[in-house]
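Student: Please find entry.cif (mmCIF, C-alpha atoms, pLDDT in the B column; chains and numbers go by the auth columns) on the next line:
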data_data
loop_
_atom_site.group_PDB
_atom_site.id
_atom_site.type_symbol
_atom_site.label_atom_id
_atom_site.label_comp_id
_atom_site.label_asym_id
_atom_site.label_seq_id
_atom_site.Cartn_x
_atom_site.Cartn_y
_atom_site.Cartn_z
_atom_site.B_iso_or_equiv
_atom_site.auth_seq_id
_atom_site.auth_asym_id
ATOM 1 C CA MET A 1 110.964 -40.627 10.005 48.00 48 A
ATOM 2 C CA ALA A 2 108.826 -42.371 7.440 48.00 49 A
ATOM 3 C CA PHE A 3 106.434 -43.668 10.068 46.00 50 A
ATOM 4 C CA SER A 4 106.127 -40.252 11.660 49.00 51 A
ATOM 5 C CA ALA A 5 105.370 -38.688 8.309 48.00 52 A
ATOM 6 C CA MET A 6 102.749 -41.340 7.566 48.00 53 A
ATOM 7 C CA SER A 7 101.161 -40.823 10.945 48.00 54 A
ATOM 8 C CA ALA A 8 101.018 -37.119 10.369 49.00 55 A
ATOM 9 C CA ARG A 9 99.234 -37.560 7.012 50.00 56 A
ATOM 10 C CA VAL A 10 96.551 -40.026 8.258 49.00 57 A
ATOM 11 C CA PRO A 11 94.220 -37.453 9.944 51.00 58 A
ATOM 12 C CA SER A 12 93.999 -35.396 6.737 50.00 59 A
ATOM 13 C CA ALA A 13 92.503 -38.349 4.884 49.00 60 A
ATOM 14 C CA LEU A 14 89.541 -38.815 7.350 49.00 61 A
ATOM 15 C CA PRO A 15 86.139 -37.285 6.322 55.00 62 A
ATOM 16 C CA ASP A 16 85.089 -33.960 7.866 58.00 63 A
ATOM 17 C CA LEU A 17 82.179 -35.211 10.023 57.00 64 A
ATOM 18 C CA ALA A 18 81.331 -31.783 11.371 61.00 65 A
ATOM 19 C CA GLY A 19 81.019 -30.388 7.868 60.00 66 A
ATOM 20 C CA LEU A 20 78.844 -33.273 6.739 59.00 67 A
ATOM 21 C CA ARG A 21 76.599 -32.840 9.748 62.00 68 A
ATOM 22 C CA GLY A 22 76.238 -29.135 9.017 62.00 69 A
ATOM 23 C CA ASN A 23 75.394 -29.786 5.367 65.00 70 A
ATOM 24 C CA THR A 24 72.827 -32.371 6.387 68.00 71 A
ATOM 25 C CA ILE A 25 71.172 -29.967 8.785 66.00 72 A
ATOM 26 C CA ARG A 26 71.069 -27.258 6.131 66.00 73 A
ATOM 27 C CA LEU A 27 69.534 -29.668 3.658 65.00 74 A
ATOM 28 C CA TRP A 28 66.874 -30.698 6.173 67.00 75 A
ATOM 29 C CA LEU A 29 66.150 -27.069 6.947 66.00 76 A
ATOM 30 C CA ALA A 30 65.877 -26.175 3.278 66.00 77 A
ATOM 31 C CA GLY A 31 63.654 -29.186 2.682 65.00 78 A
ATOM 32 C CA GLY A 32 61.510 -28.244 5.652 67.00 79 A
ATOM 33 C CA VAL A 33 61.092 -24.675 4.363 66.00 80 A
ATOM 34 C CA VAL A 34 60.168 -25.924 0.878 65.00 81 A
ATOM 35 C CA GLY A 35 57.747 -28.442 2.384 66.00 82 A
ATOM 36 C CA ALA A 36 56.161 -25.788 4.542 67.00 83 A
ATOM 37 C CA VAL A 37 55.721 -23.494 1.541 67.00 84 A
ATOM 38 C CA LEU A 38 54.181 -26.317 -0.469 67.00 85 A
ATOM 39 C CA LEU A 39 51.918 -27.217 2.445 67.00 86 A
ATOM 40 C CA LEU A 40 50.753 -23.607 2.782 66.00 87 A
ATOM 41 C CA GLY A 41 50.095 -23.406 -0.947 67.00 88 A
ATOM 42 C CA VAL A 42 48.118 -26.638 -0.977 63.00 89 A
ATOM 43 C CA GLY A 43 46.243 -25.552 2.155 63.00 90 A
ATOM 44 C CA TRP A 44 45.381 -22.198 0.560 61.00 91 A
ATOM 45 C CA PHE A 45 43.944 -23.721 -2.603 62.00 92 A
ATOM 46 C CA LEU A 46 42.222 -26.651 -0.923 61.00 93 A
ATOM 47 C CA LEU A 47 41.035 -25.169 2.374 63.00 94 A
ATOM 48 C CA ILE A 48 41.488 -21.441 2.903 64.00 95 A
ATOM 49 C CA ARG A 49 40.440 -20.179 -0.554 60.00 96 A
ATOM 50 C CA PRO A 50 37.118 -22.120 -0.637 66.00 97 A
ATOM 51 C CA GLN A 51 36.359 -20.959 2.909 67.00 98 A
ATOM 52 C CA THR A 52 37.072 -17.349 1.909 68.00 99 A
ATOM 53 C CA ALA A 53 34.712 -17.617 -1.081 68.00 100 A
ATOM 54 C CA GLN A 54 32.026 -19.211 1.100 70.00 101 A
ATOM 55 C CA THR A 55 32.452 -16.476 3.701 75.00 102 A
ATOM 56 C CA ALA A 56 32.045 -13.783 1.013 75.00 103 A
ATOM 57 C CA GLU A 57 28.908 -15.510 -0.284 76.00 104 A
ATOM 58 C CA LEU A 58 27.448 -15.759 3.210 78.00 105 A
ATOM 59 C CA ARG A 59 28.209 -12.089 3.811 80.00 106 A
ATOM 60 C CA ALA A 60 26.407 -11.153 0.582 79.00 107 A
ATOM 61 C CA GLN A 61 23.427 -13.294 1.595 81.00 108 A
ATOM 62 C CA THR A 62 23.393 -11.648 5.015 84.00 109 A
ATOM 63 C CA GLU A 63 23.385 -8.170 3.459 82.00 110 A
ATOM 64 C CA THR A 64 20.537 -9.168 1.124 84.00 111 A
ATOM 65 C CA ALA A 65 18.564 -10.583 4.047 83.00 112 A
ATOM 66 C CA GLN A 66 19.137 -7.354 5.980 83.00 113 A
ATOM 67 C CA VAL A 67 17.834 -5.281 3.065 82.00 114 A
ATOM 68 C CA ASN A 68 14.757 -7.524 2.808 84.00 115 A
ATOM 69 C CA ALA A 69 14.210 -7.289 6.564 84.00 116 A
ATOM 70 C CA ASP A 70 14.397 -3.490 6.418 82.00 117 A
ATOM 71 C CA SER A 71 11.890 -3.471 3.553 84.00 118 A
ATOM 72 C CA LEU A 72 9.540 -5.769 5.473 83.00 119 A
ATOM 73 C CA ARG A 73 9.803 -3.580 8.577 83.00 120 A
ATOM 74 C CA SER A 74 8.952 -0.517 6.493 84.00 121 A
ATOM 75 C CA ARG A 75 5.971 -2.285 4.929 84.00 122 A
ATOM 76 C CA LEU A 76 4.843 -3.512 8.344 80.00 123 A
ATOM 77 C CA ALA A 77 4.946 0.056 9.657 80.00 124 A
ATOM 78 C CA GLN A 78 2.813 1.196 6.702 80.00 125 A
ATOM 79 C CA VAL A 79 0.285 -1.584 7.272 78.00 126 A
ATOM 80 C CA LYS A 80 0.147 -0.757 10.976 77.00 127 A
ATOM 81 C CA ALA A 81 -0.493 2.914 10.175 75.00 128 A
ATOM 82 C CA GLN A 82 -3.242 1.920 7.739 72.00 129 A
ATOM 83 C CA ASN A 83 -4.725 -0.427 10.332 73.00 130 A
ATOM 84 C CA ASP A 84 -4.777 2.430 12.844 73.00 131 A
ATOM 85 C CA ASP A 85 -6.789 4.430 10.263 71.00 132 A
ATOM 86 C CA LEU A 86 -9.145 1.518 9.557 69.00 133 A
ATOM 87 C CA ALA A 87 -12.041 3.139 11.428 74.00 134 A
ATOM 88 C CA SER A 88 -11.592 6.300 9.373 73.00 135 A
ATOM 89 C CA TYR A 89 -11.519 4.303 6.120 69.00 136 A
ATOM 90 C CA ARG A 90 -14.654 2.408 7.139 73.00 137 A
ATOM 91 C CA SER A 91 -16.436 5.662 7.958 70.00 138 A
ATOM 92 C CA LYS A 92 -15.487 7.116 4.560 72.00 139 A
ATOM 93 C CA TYR A 93 -16.679 3.938 2.846 67.00 140 A
ATOM 94 C CA ASP A 94 -20.019 4.036 4.677 68.00 141 A
ATOM 95 C CA THR A 95 -20.440 7.692 3.690 66.00 142 A
ATOM 96 C CA ALA A 96 -19.686 6.895 0.054 67.00 143 A
ATOM 97 C CA ARG A 97 -22.068 3.942 0.169 73.00 144 A
ATOM 98 C CA GLU A 98 -24.867 6.177 1.467 72.00 145 A
ATOM 99 C CA ALA A 99 -24.179 8.628 -1.356 75.00 146 A
ATOM 100 C CA LEU A 100 -24.300 5.847 -3.963 83.00 147 A
ATOM 101 C CA PRO A 101 -26.415 2.988 -2.563 87.00 148 A
ATOM 102 C CA THR A 102 -26.962 -0.404 -4.138 85.00 149 A
ATOM 103 C CA THR A 103 -30.774 0.028 -4.202 85.00 150 A
ATOM 104 C CA ALA A 104 -33.037 2.939 -5.046 85.00 151 A
ATOM 105 C CA ALA A 105 -34.239 3.232 -1.432 84.00 152 A
ATOM 106 C CA THR A 106 -36.682 6.008 -2.363 86.00 153 A
ATOM 107 C CA SER A 107 -38.582 5.741 0.938 87.00 154 A
ATOM 108 C CA GLN A 108 -35.408 6.567 2.849 88.00 155 A
ATOM 109 C CA PHE A 109 -34.602 9.324 0.380 88.00 156 A
ATOM 110 C CA LEU A 110 -38.065 10.821 0.901 88.00 157 A
ATOM 111 C CA ARG A 111 -37.516 10.846 4.664 89.00 158 A
ATOM 112 C CA ASP A 112 -34.130 12.513 4.168 89.00 159 A
ATOM 113 C CA VAL A 113 -35.672 15.153 1.889 91.00 160 A
ATOM 114 C CA GLN A 114 -38.448 15.855 4.389 90.00 161 A
ATOM 115 C CA SER A 115 -35.874 16.130 7.195 90.00 162 A
ATOM 116 C CA SER A 116 -33.905 18.604 5.064 90.00 163 A
ATOM 117 C CA GLY A 117 -37.065 20.609 4.539 91.00 164 A
ATOM 118 C CA THR A 118 -37.803 20.631 8.277 91.00 165 A
ATOM 119 C CA ARG A 119 -34.284 21.868 9.070 90.00 166 A
ATOM 120 C CA ALA A 120 -34.578 24.559 6.414 91.00 167 A
ATOM 121 C CA GLY A 121 -38.043 25.649 7.644 92.00 168 A
ATOM 122 C CA ILE A 122 -39.966 24.824 4.454 92.00 169 A
ATOM 123 C CA SER A 123 -42.637 22.282 3.504 91.00 170 A
ATOM 124 C CA VAL A 124 -42.003 19.447 1.056 91.00 171 A
ATOM 125 C CA ASP A 125 -45.314 18.928 -0.733 88.00 172 A
ATOM 126 C CA GLY A 126 -44.434 16.292 -3.303 87.00 173 A
ATOM 127 C CA LEU A 127 -41.825 13.820 -4.485 88.00 174 A
ATOM 128 C CA VAL A 128 -42.271 11.835 -7.691 91.00 175 A
ATOM 129 C CA VAL A 129 -39.833 9.145 -8.813 90.00 176 A
ATOM 130 C CA GLY A 130 -39.557 8.157 -12.471 90.00 177 A
ATOM 131 C CA SER A 131 -38.162 5.036 -14.125 89.00 178 A
ATOM 132 C CA PRO A 132 -34.419 4.479 -13.720 89.00 179 A
ATOM 133 C CA THR A 133 -32.122 4.763 -16.712 89.00 180 A
ATOM 134 C CA GLN A 134 -28.663 3.344 -17.053 88.00 181 A
ATOM 135 C CA VAL A 135 -25.800 5.814 -17.308 84.00 182 A
ATOM 136 C CA LYS A 136 -22.150 5.301 -18.124 76.00 183 A
ATOM 137 C CA GLY A 137 -20.050 4.705 -15.040 62.00 184 A
ATOM 138 C CA ALA A 138 -16.332 4.198 -14.482 61.00 185 A
ATOM 139 C CA GLY A 139 -16.174 0.440 -14.854 69.00 186 A
ATOM 140 C CA THR A 140 -19.473 -0.223 -13.067 75.00 187 A
ATOM 141 C CA THR A 141 -23.208 -0.238 -13.749 80.00 188 A
ATOM 142 C CA VAL A 142 -24.915 2.923 -12.518 86.00 189 A
ATOM 143 C CA TYR A 143 -28.574 3.910 -12.761 89.00 190 A
ATOM 144 C CA ALA A 144 -30.067 7.385 -12.524 90.00 191 A
ATOM 145 C CA LEU A 145 -33.460 7.873 -10.866 91.00 192 A
ATOM 146 C CA PRO A 146 -35.292 10.976 -12.128 94.00 193 A
ATOM 147 C CA ILE A 147 -36.999 12.654 -9.174 93.00 194 A
ATOM 148 C CA SER A 148 -39.254 15.685 -9.010 94.00 195 A
ATOM 149 C CA VAL A 149 -39.432 17.548 -5.688 93.00 196 A
ATOM 150 C CA THR A 150 -41.961 20.257 -4.864 94.00 197 A
ATOM 151 C CA ALA A 151 -41.408 22.526 -1.857 93.00 198 A
ATOM 152 C CA VAL A 152 -43.033 25.660 -0.472 92.00 199 A
ATOM 153 C CA GLY A 153 -41.394 28.388 1.584 89.00 200 A
ATOM 154 C CA THR A 154 -39.680 31.738 1.388 89.00 201 A
ATOM 155 C CA ALA A 155 -36.915 32.242 -1.164 88.00 202 A
ATOM 156 C CA SER A 156 -34.142 32.402 1.454 90.00 203 A
ATOM 157 C CA LYS A 157 -35.365 29.260 3.221 92.00 204 A
ATOM 158 C CA LEU A 158 -35.740 27.403 -0.067 92.00 205 A
ATOM 159 C CA GLU A 159 -32.155 28.322 -0.843 91.00 206 A
ATOM 160 C CA GLY A 160 -31.162 26.708 2.456 91.00 207 A
ATOM 161 C CA PHE A 161 -33.243 23.657 1.505 92.00 208 A
ATOM 162 C CA VAL A 162 -31.358 23.284 -1.784 92.00 209 A
ATOM 163 C CA ASN A 163 -28.085 23.516 0.136 90.00 210 A
ATOM 164 C CA GLN A 164 -29.347 20.787 2.481 88.00 211 A
ATOM 165 C CA LEU A 165 -30.109 18.558 -0.483 89.00 212 A
ATOM 166 C CA GLN A 166 -26.680 18.972 -2.011 86.00 213 A
ATOM 167 C CA ARG A 167 -24.444 19.096 1.051 85.00 214 A
ATOM 168 C CA VAL A 168 -26.172 17.656 4.138 84.00 215 A
ATOM 169 C CA GLN A 169 -28.479 14.752 3.302 85.00 216 A
ATOM 170 C CA PRO A 170 -26.369 11.659 2.560 86.00 217 A
ATOM 171 C CA ARG A 171 -27.699 10.790 -0.918 87.00 218 A
ATOM 172 C CA ALA A 172 -25.735 12.181 -3.868 84.00 219 A
ATOM 173 C CA VAL A 173 -28.085 14.086 -6.186 89.00 220 A
ATOM 174 C CA LEU A 174 -27.687 16.118 -9.329 90.00 221 A
ATOM 175 C CA ILE A 175 -30.096 19.040 -9.738 92.00 222 A
ATOM 176 C CA ASN A 176 -30.950 19.478 -13.422 92.00 223 A
ATOM 177 C CA THR A 177 -33.768 22.043 -13.282 93.00 224 A
ATOM 178 C CA ALA A 178 -35.143 24.513 -10.757 92.00 225 A
ATOM 179 C CA ASN A 179 -38.341 26.505 -11.259 92.00 226 A
ATOM 180 C CA VAL A 180 -39.771 29.045 -8.833 89.00 227 A
ATOM 181 C CA ALA A 181 -43.132 30.736 -8.860 88.00 228 A
ATOM 182 C CA PRO A 182 -45.277 32.663 -6.391 86.00 229 A
ATOM 183 C CA ASN A 183 -47.371 30.345 -4.285 80.00 230 A
ATOM 184 C CA GLU A 184 -51.168 30.499 -4.507 73.00 231 A
ATOM 185 C CA SER A 185 -51.289 32.583 -1.324 67.00 232 A
ATOM 186 C CA SER A 186 -48.596 34.977 -2.596 64.00 233 A
ATOM 187 C CA GLU A 187 -48.457 37.436 -5.472 69.00 234 A
ATOM 188 C CA SER A 188 -44.654 37.790 -5.691 69.00 235 A
ATOM 189 C CA LEU A 189 -41.408 35.964 -4.984 73.00 236 A
ATOM 190 C CA ARG A 190 -40.986 38.031 -1.834 76.00 237 A
ATOM 191 C CA GLY A 191 -43.591 35.967 -0.039 78.00 238 A
ATOM 192 C CA SER A 192 -44.351 32.246 -0.170 85.00 239 A
ATOM 193 C CA VAL A 193 -42.643 30.602 -3.141 89.00 240 A
ATOM 194 C CA LEU A 194 -43.316 27.301 -4.882 91.00 241 A
ATOM 195 C CA LEU A 195 -40.087 25.536 -5.847 92.00 242 A
ATOM 196 C CA THR A 196 -40.016 22.625 -8.271 94.00 243 A
ATOM 197 C CA LEU A 197 -36.741 20.751 -8.604 94.00 244 A
ATOM 198 C CA GLY A 198 -35.859 18.185 -11.248 94.00 245 A
ATOM 199 C CA LEU A 199 -32.975 16.077 -10.014 93.00 246 A
ATOM 200 C CA GLN A 200 -31.320 12.711 -10.319 92.00 247 A
ATOM 201 C CA ALA A 201 -30.322 10.273 -7.592 90.00 248 A
ATOM 202 C CA PHE A 202 -27.886 7.520 -8.507 87.00 249 A
ATOM 203 C CA VAL A 203 -27.816 3.805 -7.762 88.00 250 A
ATOM 204 C CA SER A 204 -24.924 1.349 -8.159 84.00 251 A
ATOM 205 C CA PRO A 205 -26.586 -2.070 -7.811 82.00 252 A
ATOM 206 C CA SER A 206 -24.680 -5.148 -6.744 65.00 253 A
ATOM 207 C CA ALA A 207 -26.332 -7.054 -9.579 46.00 254 A
ATOM 208 C CA ALA A 208 -27.469 -5.706 -12.940 42.00 255 A
ATOM 209 C CA GLY A 209 -31.107 -4.730 -12.980 45.00 256 A
ATOM 210 C CA SER A 210 -31.599 -4.710 -9.213 49.00 257 A
ATOM 211 C CA ALA A 211 -32.216 -0.954 -9.289 41.00 258 A
ATOM 212 C CA LEU A 212 -35.270 -1.476 -11.476 47.00 259 A
ATOM 213 C CA ALA A 213 -37.020 -3.328 -8.657 45.00 260 A
ATOM 214 C CA ALA A 214 -35.921 -0.980 -5.928 44.00 261 A
ATOM 215 C CA THR A 215 -38.238 1.981 -6.528 46.00 262 A
ATOM 216 C CA ASP A 216 -40.205 1.227 -3.365 49.00 263 A
#
Would it be possible to restate this file's structure as structure tokens?
Tutor:
Amino acid sequence: MAFSAMSARVPSALPDLAGLRGNTIRLWLAGGVVGAVLLLGVGWFLLIRPQTAQTAELRAQTETAQVNADSLRSRLAQVKAQNDDLASYRSKYDTAREALPTTAATSQFLRDVQSSGTRAGISVDGLVVGSPTQVKGAGTTVYALPISVTAVGTASKLEGFVNQLQRVQPRAVLINTANVAPNESSESLRGSVLLTLGLQAFVSPSAAGSALAATD
């Protein structure tokens, strides 16, 4: 009986291997979970977070570059439009340059005045050019040439001649005085009229004083 009782108590003293194995597995699993969490945390701070910041910076740089590209495209379109109008700008410049030449060019002006008289149907009898005087210009040196013009014709045709001087011939002029009188062959202003104009033509020389030598 004693031996049987001893034999019956022996198995209860042996360790529970299944329980130990289960505890070990649970510990390994818990350790693995903790290790994975730590690994993810370290990976986030060391790898993922810097990459995210770099990606955000690159995105901002890309947006800035896109804005600059759009601005450059807009400017390029403006320049292209201006280039398409280059011929028009050059024509306007040439017109302005004829109105305000760099030399007195009185011989050319005389031809233009005579052509204006021919178109108006009157006769230009005289053109006298005085000494140039400097006038105040907007940031540039400008000279005024006093010119006296004498023309003969009917009143209506002389009116057309004055319009030719101011609007048609290329040189910019300022009419200061205008005197009319019956011509020698006429006794009233209804017939042949003598018109004397006092005007100024302007010069913008490329070098100071060049207008003084240009009264050819």
Student: Quick check, in Å to one decimal: how far apart do atom CA of A:Gln155 and atom CA of A:Phe249 lie?
Tutor: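 If I compute the distance from atom CA of A:Gln155 to atom CA of A:Phe249, I get 13.7 Å.
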Student: Taking 2 positions as the minimum chain separation for residues in the same chain, which residues sit within 9 Å of A:Asp172 when counting only C-alpha atoms? Answer as a list in words.
Tutor: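 Using only C-alpha atoms, the neighbours found are Ser170, Leu174, Val196, Thr197, Ala198 and Val199 of chain A.
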Student: What separation in Å, quoted to one decimal, exists between atom CA of A:Ser178 and atom CA of A:Glu206?
Tutor: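 Calculated distance between atom CA of A:Ser178 and atom CA of A:Glu206 is 27.5 Å.
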Student: Expand the PyMOL selection byres ((chain A and resi 202) around 8) into the explicit residue set it covers here, and present it as a list of chain:residue names.
Tutor: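 On the file shown, the PyMOL selection byres ((chain A and resi 202) around 8) covers A:Gly200, A:Thr201, A:Ser203, A:Lys204, A:Leu205, A:Glu206, A:Leu236, A:Arg237, A:Gly238, A:Ser239, A:Val240.
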Student: Quote the spacing between atom CA of A:Glu104 and atom CA of A:Arg122 in Å to one decimal place.
Tutor: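 Computing the Euclidean distance for atom CA of A:Glu104 and atom CA of A:Arg122 yields 27.0 Å.
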Student: Between A:Lys183, A:Leu192, A:Leu105, A:Leu212, which has the minimum distance to A:Asp159 (counting all atoms listed in the file)?
Tutor: A:Leu212
Student: Spell out the residues picked by the PyMOL selection byres ((chain A and resi 211) around 12) here, as a PyMOL selection string.
Tutor: chain A and resi 159-169+204-210+212-220
Student: Write a file for stretch 193-207 of chain A, containing N, CA, C and O atoms (output as a JSON list (two decimals), in the first residue's frame).
Tutor:
[["chain", "number", "residue", "atom", "x", "y", "z"],
["A", 193, "PRO", "N", 13.91, 129.21, -85.77],
["A", 193, "PRO", "CA", 12.89, 130.16, -86.23],
["A", 193, "PRO", "C", 12.87, 130.21, -87.76],
["A", 193, "PRO", "O", 13.91, 130.37, -88.39],
["A", 194, "ILE", "N", 11.71, 130.05, -88.34],
["A", 194, "ILE", "CA", 11.58, 130.01, -89.80],
["A", 194, "ILE", "C", 10.44, 130.93, -90.21],
["A", 194, "ILE", "O", 9.37, 130.93, -89.60],
["A", 195, "SER", "N", 10.69, 131.69, -91.25],
["A", 195, "SER", "CA", 9.67, 132.55, -91.84],
["A", 195, "SER", "C", 9.31, 132.01, -93.22],
["A", 195, "SER", "O", 10.20, 131.77, -94.05],
["A", 196, "VAL", "N", 8.02, 131.79, -93.46],
["A", 196, "VAL", "CA", 7.54, 131.23, -94.72],
["A", 196, "VAL", "C", 6.59, 132.24, -95.35],
["A", 196, "VAL", "O", 5.68, 132.75, -94.70],
["A", 197, "THR", "N", 6.81, 132.50, -96.63],
["A", 197, "THR", "CA", 5.93, 133.40, -97.39],
["A", 197, "THR", "C", 5.28, 132.61, -98.51],
["A", 197, "THR", "O", 5.96, 131.92, -99.28],
["A", 198, "ALA", "N", 3.94, 132.71, -98.60],
["A", 198, "ALA", "CA", 3.20, 131.96, -99.61],
["A", 198, "ALA", "C", 2.11, 132.84, -100.20],
["A", 198, "ALA", "O", 1.60, 133.76, -99.54],
["A", 199, "VAL", "N", 1.77, 132.55, -101.45],
["A", 199, "VAL", "CA", 0.77, 133.33, -102.18],
["A", 199, "VAL", "C", -0.29, 132.39, -102.73],
["A", 199, "VAL", "O", 0.03, 131.35, -103.31],
["A", 200, "GLY", "N", -1.55, 132.78, -102.56],
["A", 200, "GLY", "CA", -2.66, 131.98, -103.06],
["A", 200, "GLY", "C", -3.97, 132.51, -102.53],
["A", 200, "GLY", "O", -4.01, 133.53, -101.83],
["A", 201, "THR", "N", -5.04, 131.84, -102.84],
["A", 201, "THR", "CA", -6.34, 132.27, -102.31],
["A", 201, "THR", "C", -6.43, 131.89, -100.84],
["A", 201, "THR", "O", -5.69, 131.02, -100.34],
["A", 202, "ALA", "N", -7.36, 132.54, -100.14],
["A", 202, "ALA", "CA", -7.48, 132.31, -98.69],
["A", 202, "ALA", "C", -7.81, 130.84, -98.38],
["A", 202, "ALA", "O", -7.24, 130.25, -97.46],
["A", 203, "SER", "N", -8.70, 130.24, -99.14],
["A", 203, "SER", "CA", -9.09, 128.85, -98.87],
["A", 203, "SER", "C", -7.94, 127.90, -99.13],
["A", 203, "SER", "O", -7.72, 126.94, -98.37],
["A", 204, "LYS", "N", -7.16, 128.17, -100.21],
["A", 204, "LYS", "CA", -6.03, 127.30, -100.51],
["A", 204, "LYS", "C", -4.89, 127.49, -99.51],
["A", 204, "LYS", "O", -4.19, 126.54, -99.15],
["A", 205, "LEU", "N", -4.71, 128.73, -99.04],
["A", 205, "LEU", "CA", -3.70, 128.96, -98.01],
["A", 205, "LEU", "C", -4.07, 128.27, -96.71],
["A", 205, "LEU", "O", -3.20, 127.81, -95.98],
["A", 206, "GLU", "N", -5.36, 128.21, -96.43],
["A", 206, "GLU", "CA", -5.80, 127.47, -95.25],
["A", 206, "GLU", "C", -5.45, 125.99, -95.38],
["A", 206, "GLU", "O", -4.99, 125.35, -94.42],
["A", 207, "GLY", "N", -5.62, 125.43, -96.57],
["A", 207, "GLY", "CA", -5.22, 124.05, -96.82],
["A", 207, "GLY", "C", -3.71, 123.88, -96.69],
["A", 207, "GLY", "O", -3.23, 122.84, -96.21]]
